[in-house]
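Engineer: I'm passing along final12.csv; it holds CSV, C-alpha atoms.
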```
chain,number,residue,atom,x,y,z
A,29,MET,CA,-75.1,-24.1,-18.5
A,30,LEU,CA,-76.3,-26.6,-21.2
A,31,LYS,CA,-75.9,-30.2,-20.2
A,32,LYS,CA,-74.3,-32.9,-22.2
A,33,SER,CA,-75.7,-36.3,-23.0
A,34,SER,CA,-74.6,-39.2,-25.3
A,35,PHE,CA,-76.3,-37.8,-28.4
A,36,TRP,CA,-75.1,-34.2,-28.1
A,37,ALA,CA,-72.0,-33.0,-29.9
A,38,ARG,CA,-69.7,-30.5,-28.3
A,39,GLN,CA,-69.0,-27.5,-30.6
A,40,THR,CA,-65.4,-26.3,-30.6
A,41,ARG,CA,-66.2,-22.6,-31.1
A,42,SER,CA,-68.1,-22.3,-27.8
A,43,SER,CA,-69.0,-24.1,-24.6
A,44,VAL,CA,-72.5,-24.6,-25.8
A,45,THR,CA,-74.0,-28.0,-26.4
A,46,TYR,CA,-76.0,-28.6,-29.5
A,47,HIS,CA,-78.8,-31.2,-29.9
A,48,SER,CA,-78.3,-33.4,-32.9
A,49,SER,CA,-81.8,-33.0,-34.3
A,50,PRO,CA,-83.9,-29.9,-35.2
A,51,PHE,CA,-86.7,-28.7,-32.9
A,52,ALA,CA,-88.2,-31.8,-31.4
A,53,THR,CA,-90.9,-32.7,-28.9
A,54,PRO,CA,-91.2,-36.2,-27.3
A,55,SER,CA,-93.4,-37.3,-30.3
A,56,ALA,CA,-93.1,-34.7,-33.1
A,57,SER,CA,-90.9,-32.1,-34.8
A,58,LEU,CA,-91.9,-28.8,-36.3
A,59,HIS,CA,-92.5,-30.6,-39.6
A,60,THR,CA,-95.1,-33.0,-38.2
A,61,LEU,CA,-96.6,-30.3,-36.0
A,62,GLY,CA,-97.5,-28.3,-39.1
A,63,ILE,CA,-95.3,-25.3,-38.7
A,64,ILE,CA,-92.8,-25.6,-41.6
A,65,SER,CA,-91.0,-28.1,-43.7
A,66,SER,CA,-87.5,-28.0,-45.1
A,67,ASP,CA,-86.3,-28.1,-48.7
A,68,ALA,CA,-83.5,-30.7,-48.9
A,69,GLU,CA,-82.0,-29.3,-52.0
A,70,ASN,CA,-81.1,-25.8,-50.8
A,71,ASN,CA,-81.4,-26.4,-47.1
A,72,GLN,CA,-83.9,-23.5,-46.9
A,73,PHE,CA,-87.3,-23.7,-45.5
A,74,SER,CA,-89.9,-23.9,-48.2
A,75,SER,CA,-93.6,-22.8,-48.3
A,76,SER,CA,-95.0,-26.3,-48.0
A,77,VAL,CA,-96.6,-27.2,-44.7
A,78,VAL,CA,-98.5,-30.1,-43.3
A,79,PRO,CA,-102.1,-29.3,-44.2
A,80,PRO,CA,-103.6,-27.5,-41.1
A,81,VAL,CA,-107.2,-26.9,-40.3
A,82,LYS,CA,-107.1,-23.6,-42.1
A,83,THR,CA,-104.5,-21.8,-44.3
A,84,PRO,CA,-101.7,-20.6,-42.0
A,85,PRO,CA,-100.5,-17.0,-42.0
A,86,ALA,CA,-97.7,-16.4,-44.4
A,87,GLN,CA,-95.3,-15.4,-41.7
A,88,ILE,CA,-95.2,-18.9,-40.3
A,89,LEU,CA,-93.9,-20.2,-43.5
A,90,THR,CA,-90.7,-18.2,-43.4
A,91,LEU,CA,-89.4,-19.3,-39.9
A,92,PRO,CA,-85.6,-19.7,-40.1
A,93,LEU,CA,-85.1,-22.6,-37.8
A,94,PRO,CA,-81.6,-23.5,-36.6
A,95,PRO,CA,-80.9,-26.8,-34.8
A,96,LEU,CA,-82.4,-26.3,-31.4
A,97,GLN,CA,-80.4,-26.7,-28.2
A,98,LYS,CA,-81.8,-27.5,-24.8
A,99,LEU,CA,-81.4,-26.5,-21.2
A,100,TYR,CA,-81.9,-30.0,-19.8
A,101,GLN,CA,-85.3,-31.1,-21.2
A,102,ILE,CA,-86.4,-27.5,-22.2
A,103,PRO,CA,-85.7,-26.4,-25.8
A,104,LEU,CA,-84.1,-23.0,-26.2
A,105,LEU,CA,-87.2,-21.7,-27.9
A,106,ILE,CA,-88.5,-18.3,-26.8
A,107,HIS,CA,-92.2,-17.4,-27.3
A,108,GLN,CA,-93.6,-13.9,-27.2
A,109,THR,CA,-96.9,-12.6,-28.4
A,110,TYR,CA,-97.8,-9.3,-30.0
A,111,LYS,CA,-100.1,-7.8,-32.6
A,112,THR,CA,-97.4,-8.1,-35.2
A,113,ASN,CA,-94.6,-10.6,-35.3
A,114,THR,CA,-92.2,-8.1,-37.1
A,115,PRO,CA,-92.0,-5.2,-34.7
A,116,PHE,CA,-88.3,-4.7,-35.7
A,117,SER,CA,-89.2,-4.0,-39.3
A,118,SER,CA,-92.8,-2.7,-39.2
A,119,PRO,CA,-92.6,1.1,-38.9
A,120,GLN,CA,-96.3,1.3,-39.7
A,121,VAL,CA,-96.9,-0.4,-36.3
A,122,SER,CA,-96.8,2.0,-33.4
A,123,LEU,CA,-95.1,0.4,-30.5
A,124,SER,CA,-96.6,1.3,-27.2
A,125,PRO,CA,-94.6,2.3,-25.3
A,126,PRO,CA,-91.7,3.2,-27.7
A,127,GLU,CA,-89.2,1.4,-25.6
A,128,ARG,CA,-91.0,-1.8,-26.1
A,129,LEU,CA,-88.8,-2.5,-29.1
A,130,GLN,CA,-85.8,-2.6,-26.7
A,131,TRP,CA,-87.7,-5.0,-24.6
A,132,PHE,CA,-88.2,-7.3,-27.5
A,133,GLU,CA,-84.6,-6.9,-28.7
A,134,SER,CA,-83.3,-7.9,-25.3
A,135,TRP,CA,-84.5,-11.4,-25.7
A,136,LYS,CA,-82.7,-11.8,-29.0
A,137,LEU,CA,-79.5,-10.0,-27.8
A,138,GLN,CA,-79.2,-12.1,-24.6
A,139,ASN,CA,-80.0,-15.4,-26.4
A,140,PRO,CA,-78.2,-15.5,-29.8
A,141,ILE,CA,-78.2,-19.3,-29.8
A,142,ALA,CA,-81.9,-19.6,-29.0
A,143,HIS,CA,-84.7,-19.7,-31.5
A,144,TYR,CA,-86.9,-16.6,-31.0
A,145,LYS,CA,-90.5,-16.4,-32.1
A,146,ILE,CA,-93.1,-13.6,-31.8
A,147,TRP,CA,-96.7,-14.9,-32.4
A,148,ASN,CA,-99.0,-12.4,-33.8
A,149,ASP,CA,-102.8,-12.5,-33.5
A,150,ASP,CA,-103.4,-14.4,-36.8
A,151,GLU,CA,-100.7,-16.9,-36.0
A,152,ALA,CA,-102.1,-17.4,-32.6
A,153,ASP,CA,-105.6,-18.2,-34.0
A,154,TRP,CA,-104.0,-20.6,-36.6
A,155,PHE,CA,-102.0,-22.3,-33.9
A,156,MET,CA,-105.0,-22.8,-31.6
A,157,GLN,CA,-107.2,-24.1,-34.4
A,158,THR,CA,-104.5,-26.4,-35.7
A,159,HIS,CA,-103.6,-28.0,-32.5
A,160,PHE,CA,-106.8,-27.8,-30.5
A,161,GLY,CA,-109.6,-27.3,-33.0
A,162,GLY,CA,-111.3,-29.4,-35.6
A,163,GLU,CA,-113.2,-32.6,-35.1
A,164,GLY,CA,-111.6,-34.6,-32.3
A,165,GLY,CA,-109.7,-31.5,-31.3
A,166,GLY,CA,-106.3,-32.4,-32.8
A,167,SER,CA,-104.9,-33.2,-29.3
A,168,ASP,CA,-105.5,-35.2,-26.2
A,169,LEU,CA,-107.5,-32.3,-24.8
A,170,GLY,CA,-110.1,-32.5,-27.6
A,171,ASN,CA,-111.5,-29.3,-29.0
A,172,ARG,CA,-112.6,-27.8,-25.6
A,173,VAL,CA,-109.5,-25.7,-25.5
A,174,TYR,CA,-110.2,-24.2,-28.9
A,175,LYS,CA,-113.9,-23.7,-28.0
A,176,ALA,CA,-112.8,-21.9,-24.8
A,177,TYR,CA,-110.4,-19.8,-26.8
A,178,LEU,CA,-113.1,-18.7,-29.2
A,179,LYS,CA,-115.5,-17.9,-26.4
A,180,MET,CA,-113.0,-15.5,-24.7
A,181,GLU,CA,-113.8,-11.9,-25.7
A,182,LEU,CA,-110.8,-10.3,-24.0
A,183,MET,CA,-107.5,-10.6,-25.8
A,184,VAL,CA,-105.6,-10.8,-22.5
A,185,MET,CA,-107.6,-13.9,-21.6
A,186,LYS,CA,-106.7,-15.4,-25.0
A,187,THR,CA,-103.1,-14.6,-24.4
A,188,ASP,CA,-103.1,-16.4,-21.0
A,189,LEU,CA,-104.5,-19.5,-22.6
A,190,LEU,CA,-102.1,-19.2,-25.6
A,191,ARG,CA,-99.0,-19.2,-23.4
A,192,TYR,CA,-99.9,-22.4,-21.7
A,193,ALA,CA,-100.9,-24.0,-25.1
A,194,LEU,CA,-97.6,-23.0,-26.8
A,195,LEU,CA,-95.4,-24.4,-24.1
A,196,TYR,CA,-97.6,-27.5,-23.8
A,197,VAL,CA,-97.1,-28.2,-27.6
A,198,TYR,CA,-93.6,-27.0,-28.2
A,199,GLY,CA,-92.0,-26.4,-24.8
A,200,GLY,CA,-89.5,-23.6,-24.3
A,201,PHE,CA,-89.5,-20.2,-22.6
A,202,TYR,CA,-92.5,-17.8,-22.5
A,203,ALA,CA,-92.1,-14.1,-21.8
A,204,ASP,CA,-94.7,-11.3,-21.8
A,205,ALA,CA,-94.1,-8.4,-24.2
A,206,ASP,CA,-93.4,-6.0,-21.4
A,207,THR,CA,-90.4,-7.8,-20.1
A,208,THR,CA,-86.6,-7.3,-20.5
A,209,CYS,CA,-84.3,-10.2,-20.6
A,210,LEU,CA,-81.2,-9.5,-18.4
A,211,GLN,CA,-79.4,-12.8,-18.6
A,212,SER,CA,-79.3,-15.7,-21.1
A,213,ILE,CA,-81.9,-18.4,-20.5
A,214,GLU,CA,-79.0,-20.8,-20.4
A,215,LYS,CA,-78.4,-19.6,-16.9
A,216,TRP,CA,-81.9,-20.1,-15.7
A,217,ASP,CA,-80.9,-23.4,-14.0
A,218,GLY,CA,-79.3,-21.1,-11.4
A,219,GLY,CA,-76.3,-23.3,-11.3
A,220,ILE,CA,-78.3,-26.2,-10.0
A,221,ASN,CA,-77.9,-29.7,-11.3
A,222,LEU,CA,-81.4,-30.3,-12.6
A,223,SER,CA,-80.5,-34.0,-13.3
A,224,SER,CA,-80.4,-34.7,-9.6
A,225,GLY,CA,-83.2,-37.0,-8.3
A,226,LEU,CA,-83.8,-38.9,-11.5
A,227,GLY,CA,-84.6,-42.5,-10.7
A,228,LYS,CA,-85.3,-41.8,-7.0
A,229,ASN,CA,-89.1,-41.7,-7.5
A,230,ALA,CA,-90.7,-44.2,-9.9
A,231,LEU,CA,-93.5,-41.8,-10.6
A,232,SER,CA,-91.3,-39.0,-11.8
A,233,SER,CA,-90.6,-38.6,-15.5
A,234,PRO,CA,-87.2,-37.6,-16.7
A,235,GLU,CA,-88.6,-35.7,-19.7
A,236,HIS,CA,-90.7,-33.3,-17.6
A,237,LEU,CA,-89.2,-30.1,-16.2
A,238,LEU,CA,-90.7,-26.8,-15.1
A,239,ILE,CA,-89.0,-23.6,-14.2
A,240,VAL,CA,-91.1,-20.9,-12.5
A,241,GLY,CA,-90.7,-17.9,-10.3
A,242,VAL,CA,-92.3,-16.6,-7.1
A,243,GLU,CA,-94.4,-13.4,-7.4
A,244,TRP,CA,-94.9,-13.1,-3.7
A,245,TYR,CA,-94.5,-15.2,-0.6
A,246,PRO,CA,-97.3,-16.1,1.9
A,247,ASN,CA,-98.6,-13.0,3.7
A,248,TYR,CA,-95.9,-10.8,2.1
A,249,PHE,CA,-98.4,-8.2,0.9
A,250,SER,CA,-101.2,-9.0,3.3
A,251,HIS,CA,-100.4,-5.9,5.4
A,252,VAL,CA,-101.5,-3.7,2.5
A,253,ASN,CA,-103.9,-6.0,0.7
A,254,SER,CA,-106.8,-7.7,2.4
A,255,GLU,CA,-107.7,-10.2,-0.3
A,256,ASP,CA,-107.2,-13.8,0.6
A,257,TYR,CA,-105.0,-14.6,-2.3
A,258,TYR,CA,-102.3,-12.2,-1.0
A,259,LYS,CA,-102.1,-14.5,2.1
A,260,ARG,CA,-101.0,-17.4,-0.2
A,261,LEU,CA,-97.8,-17.9,-2.1
A,262,GLN,CA,-98.3,-17.0,-5.7
A,263,LEU,CA,-96.2,-17.9,-8.8
A,264,LEU,CA,-95.9,-15.5,-11.7
A,265,GLN,CA,-96.6,-16.4,-15.2
A,266,TRP,CA,-95.4,-13.4,-17.2
A,267,THR,CA,-92.2,-15.6,-17.6
A,268,PHE,CA,-91.8,-19.3,-17.2
A,269,ALA,CA,-90.3,-22.3,-18.9
A,270,ALA,CA,-91.5,-25.9,-19.5
A,271,SER,CA,-90.6,-29.1,-21.3
A,272,PRO,CA,-93.1,-30.1,-24.0
A,273,LYS,CA,-96.3,-32.0,-23.0
A,274,HIS,CA,-95.8,-31.1,-19.3
A,275,PRO,CA,-98.7,-32.6,-17.2
A,276,ALA,CA,-99.1,-29.4,-15.2
A,277,LEU,CA,-99.9,-27.5,-18.4
A,278,PHE,CA,-102.2,-30.2,-19.6
A,279,ALA,CA,-104.2,-29.9,-16.3
A,280,LEU,CA,-104.1,-26.2,-16.6
A,281,LEU,CA,-105.5,-26.2,-20.1
A,282,GLN,CA,-108.2,-28.5,-18.9
A,283,GLU,CA,-109.2,-26.4,-15.9
A,284,ILE,CA,-109.3,-23.1,-17.8
A,285,SER,CA,-111.3,-24.6,-20.7
A,286,ASN,CA,-113.9,-26.1,-18.3
A,287,ASP,CA,-114.2,-22.9,-16.4
A,288,VAL,CA,-114.6,-20.7,-19.5
A,289,LEU,CA,-117.1,-23.1,-21.2
A,290,ASN,CA,-119.2,-23.0,-18.0
A,291,SER,CA,-119.0,-19.2,-17.6
A,292,THR,CA,-121.3,-16.6,-19.0
A,293,ARG,CA,-120.0,-14.1,-21.6
A,294,GLU,CA,-120.7,-11.3,-19.1
A,295,TYR,CA,-118.3,-12.9,-16.7
A,296,LEU,CA,-115.7,-13.4,-19.3
A,297,SER,CA,-116.0,-9.8,-20.6
A,298,ASP,CA,-115.3,-8.4,-17.1
A,299,ARG,CA,-111.6,-7.4,-16.8
A,300,THR,CA,-111.6,-7.9,-13.1
A,301,ASN,CA,-112.0,-11.7,-13.7
A,302,VAL,CA,-108.9,-12.0,-16.0
A,303,GLU,CA,-106.5,-13.2,-13.3
A,304,ALA,CA,-109.0,-15.6,-11.8
A,305,VAL,CA,-109.8,-17.2,-15.2
A,306,GLY,CA,-106.2,-17.9,-16.5
A,307,GLY,CA,-103.9,-15.8,-14.5
A,308,PRO,CA,-101.3,-16.5,-11.8
A,309,GLN,CA,-103.8,-17.8,-9.3
A,310,VAL,CA,-104.8,-20.6,-11.6
A,311,PHE,CA,-101.2,-21.2,-12.7
A,312,THR,CA,-100.1,-21.5,-9.1
A,313,LYS,CA,-102.8,-23.9,-8.3
A,314,ALA,CA,-102.0,-26.2,-11.2
A,315,VAL,CA,-98.3,-26.3,-10.4
A,316,ALA,CA,-98.9,-26.9,-6.7
A,317,GLN,CA,-101.3,-29.8,-7.5
A,318,TYR,CA,-98.9,-31.3,-9.9
A,319,MET,CA,-96.1,-31.1,-7.3
A,320,SER,CA,-98.3,-32.6,-4.6
A,321,GLN,CA,-98.6,-35.8,-6.6
A,322,TYR,CA,-95.0,-36.4,-5.9
A,323,GLY,CA,-95.1,-35.4,-2.3
A,324,ASP,CA,-93.7,-31.9,-2.9
A,325,ALA,CA,-95.5,-29.1,-1.0
A,326,LEU,CA,-95.1,-25.8,-2.9
A,327,GLU,CA,-96.5,-23.3,-0.4
A,328,ALA,CA,-95.3,-25.1,2.7
A,329,SER,CA,-91.8,-24.8,1.4
A,330,PHE,CA,-91.8,-21.0,1.5
A,331,SER,CA,-92.4,-18.3,4.1
A,332,ASN,CA,-92.4,-14.6,4.3
A,333,GLU,CA,-88.8,-14.8,5.6
A,334,ASP,CA,-87.7,-16.1,2.2
A,335,ALA,CA,-88.1,-12.5,1.0
A,336,ALA,CA,-85.1,-11.5,3.1
A,337,THR,CA,-82.9,-14.0,1.3
A,338,SER,CA,-84.3,-13.6,-2.2
A,339,THR,CA,-81.2,-15.1,-3.8
A,340,ARG,CA,-82.1,-18.7,-3.1
A,341,SER,CA,-83.9,-21.0,-5.6
A,342,LYS,CA,-85.5,-24.2,-4.5
A,343,TRP,CA,-85.2,-27.4,-6.6
A,344,PHE,CA,-87.9,-30.0,-6.0
A,345,GLU,CA,-86.1,-32.9,-7.5
A,346,THR,CA,-89.0,-35.4,-7.1
A,347,SER,CA,-91.5,-33.4,-9.1
A,348,ARG,CA,-88.7,-31.8,-11.1
A,349,VAL,CA,-89.8,-28.2,-10.6
A,350,LEU,CA,-87.3,-25.4,-10.1
A,351,VAL,CA,-88.7,-22.4,-8.2
A,352,HIS,CA,-86.7,-19.2,-8.5
A,353,PRO,CA,-87.0,-16.5,-5.7
A,354,MET,CA,-89.1,-13.5,-5.6
A,355,TYR,CA,-87.6,-10.7,-7.8
A,356,ALA,CA,-85.8,-13.2,-10.1
A,357,TYR,CA,-88.3,-12.2,-12.8
A,358,ASN,CA,-89.0,-8.8,-11.4
A,359,ALA,CA,-85.4,-7.7,-10.9
A,360,ARG,CA,-86.0,-4.0,-11.2
A,361,SER,CA,-88.0,-4.1,-7.9
A,362,SER,CA,-85.4,-6.2,-6.1
A,363,PRO,CA,-84.1,-4.7,-2.8
A,364,SER,CA,-80.6,-5.6,-4.0
A,365,ARG,CA,-81.0,-3.2,-6.9
A,366,THR,CA,-83.1,-0.4,-5.4
A,367,LYS,CA,-81.3,0.5,-2.2
A,368,TRP,CA,-79.6,3.9,-2.6
A,369,TRP,CA,-76.2,2.7,-1.4
A,370,ARG,CA,-76.1,-0.1,-4.0
A,371,TRP,CA,-76.9,2.4,-6.7
A,372,LEU,CA,-74.0,4.6,-5.6
A,373,ARG,CA,-71.7,1.5,-5.3
A,374,ASP,CA,-72.6,0.2,-8.8
A,375,GLY,CA,-72.9,3.5,-10.5
A,376,LEU,CA,-76.1,5.4,-11.3
A,377,LEU,CA,-75.9,4.5,-15.0
A,378,LYS,CA,-75.1,0.9,-14.6
A,379,ARG,CA,-77.0,-1.1,-12.1
A,380,ARG,CA,-75.5,-4.4,-10.9
A,381,ILE,CA,-77.0,-7.6,-12.4
A,382,GLY,CA,-77.2,-10.2,-9.7
A,383,LYS,CA,-77.0,-14.0,-10.2
A,384,PHE,CA,-80.8,-14.4,-10.0
A,385,ASP,CA,-81.7,-11.1,-11.8
A,386,PHE,CA,-83.1,-12.9,-14.9
A,387,VAL,CA,-85.9,-10.6,-16.1
A,388,ASP,CA,-87.2,-7.0,-15.6
A,389,HIS,CA,-91.0,-6.8,-15.7
A,390,HIS,CA,-92.4,-3.4,-16.7
A,391,TYR,CA,-96.0,-3.9,-15.7
A,392,TRP,CA,-97.4,-2.3,-18.8
A,393,GLY,CA,-100.7,-4.2,-18.2
A,394,ALA,CA,-101.3,-2.1,-15.1
A,395,SER,CA,-100.7,1.1,-17.0
A,396,LYS,CA,-103.5,3.3,-18.3
A,397,GLN,CA,-102.9,1.8,-21.8
A,398,GLY,CA,-102.6,-1.8,-20.5
A,399,TRP,CA,-105.1,-4.6,-20.5
A,400,LYS,CA,-106.6,-3.7,-17.1
A,401,PHE,CA,-108.0,-0.4,-18.4
A,402,THR,CA,-108.3,-0.8,-22.2
```
What would the structure in this file look like if it were written as structure tokens?

Structural biologist:
Amino acid sequence: MLKKSSFWARQTRSSVTYHSSPFATPSASLHTLGIISSDAENNQFSSSVVPPVKTPPAQILTLPLPPLQKLYQIPLLIHQTYKTNTPFSSPQVSLSPPERLQWFESWKLQNPIAHYKIWNDDEADWFMQTHFGGEGGGSDLGNRVYKAYLKMELMVMKTDLLRYALLYVYGGFYADADTTCLQSIEKWDGGINLSSGLGKNALSSPEHLLIVGVEWYPNYFSHVNSEDYYKRLQLLQWTFAASPKHPALFALLQEISNDVLNSTREYLSDRTNVEAVGGPQVFTKAVAQYMSQYGDALEASFSNEDAATSTRSKWFETSRVLVHPMYAYNARSSPSRTKWWRWLRDGLLKRRIGKFDFVDHHYWGASKQGWKFT
């Protein structure tokens, strides 16, 4: 549920808590970040923007932005990426697969109070150049992030870097285009009080919060996969959430940029290197290193046995990282939803949605039409 503070006003029409100001980060709003500006006379968003590095795509100028709400420190802002940002009204664009439209729609249907944004390729380029390009870089990271983005030849690599950059600048919830939202993002605290632990550690910052999910536990797949990384715990990054300016994302952007700028184009054009450049291996490492600064050990806190009790989240209150169990963001593969007797009990046409069944992942990237093969 959404949490109340002294500057939030309770709305009588629902139990949802609204933030008093429109979309905000610790130091800037959408207006100062160069996305849109408002017209005070008619309360509509006008076409004027803070001058960016280059002219922004027209679609960015028409964002209807309601007052944003928050799940603790994370704004209810959903980011997805696709070749068009209007898949719902662009019949000329062939969605692949056809059911992808339902996947997109699920995020809107399950989250009517959240702000939902699909970033297309032009907007992604504009965002990266505006916030990480130009002389001085336009951010604390300098222009190395943008240079790395330009050097990447594979769109899937660019998309990995883009998701971290979007959540670093704006915060919110990121979801790949091949995911289905099963439950409102308001429930992604798992019923845990994410305000616990504040003030116990002088190093922790109350405005930083990270919500992630386990892709697999240590040695969970080692019996069928011999690669070393299958022996280690891995977090997924097809869906995750973060507060703006999160230090783990800052470090992640730094590491990926340095790696890319020191790599050959041949290496970067090899699809087998995608996951090692900006995928879940790098993401897991960045989160674990961030947590270790506060004495929280990510991998040592989990074991293969956790897979048997995949309905348990772990809240690391010192580093303020919430880790959801394996299958929380891959619910369609969860043993609780695939055993035949559960299918009979819950009905073949209506599978039961458990407390931690947040997202279905359809693994379109691994299909013959996905990024691994095309």

Engineer: Can you tell me how far CA of Tyr192 in chain A sits from CA of Leu210 in chain A, in Å to one decimal?

Structural biologist: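 Going from CA of Tyr192 in chain A over to CA of Leu210 in chain A, I get 23.0 Å.
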
Engineer: With distances taken over only C-alpha atoms, which residue among A:Leu261, A:Thr158, A:Tyr100, A:Tyr322 lies nearest Gly170 in chain A?

Structural biologist: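 Closest to Gly170 in chain A of all the choices is A:Thr158.
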
Engineer: Tell me which of A:Glu255, A:Glu345, A:Asp217, A:Glu235 sits closest to Pro272 in chain A, counting only C-alpha atoms.

Structural biologist: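 Going through A:Glu255, A:Glu345, A:Asp217, A:Glu235 one by one, the smallest distance to Pro272 in chain A is for A:Glu235.
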
Engineer: Residues near Trp135 in chain A, anyone? I mean within 12 Å using all atoms listed in the file, not counting same-chain ones fewer than 2 positions away, as an MDAnalysis selection string.

Structural biologist: chainID A and resid 104:108 128:133 137:146 201:213 267 386:388

Engineer: Using CA of Phe160 in chain A and CA of Ala269 in chain A as the two end points, give the distance in Å to one decimal.

Structural biologist: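 Atom-to-atom, CA of Phe160 in chain A to CA of Ala269 in chain A, that is 20.9 Å.
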
Engineer: Would you mind reading off the distance between CA of His352 in chain A and CA of Gln321 in chain A, one decimal, in Å?

Structural biologist: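 Result for CA of His352 in chain A versus CA of Gln321 in chain A: 20.5 Å, one decimal.
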
Engineer: With all atoms listed in the file as the counted atoms, please give the residues lying no more than 9 Å from Met319 in chain A, apart from itself and same-chain residues fewer than 3 positions off, as a count of residues only.

Structural biologist: 14

Engineer: Check the smallest atom-to-atom distance from each of A:Tyr258, A:Phe330, A:Tyr295, A:Tyr196 to Leu182 in chain A using all atoms listed in the file, then report the winner.

Structural biologist: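 For Leu182 in chain A, the nearest of the candidates is A:Tyr295.
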
Engineer: Using all atoms listed in the file, which of A:Ala176, A:Ser297, A:Arg340, A:Tyr110 sits nearest Glu151 in chain A?

Structural biologist: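 Smallest distance to Glu151 in chain A is found for A:Tyr110.
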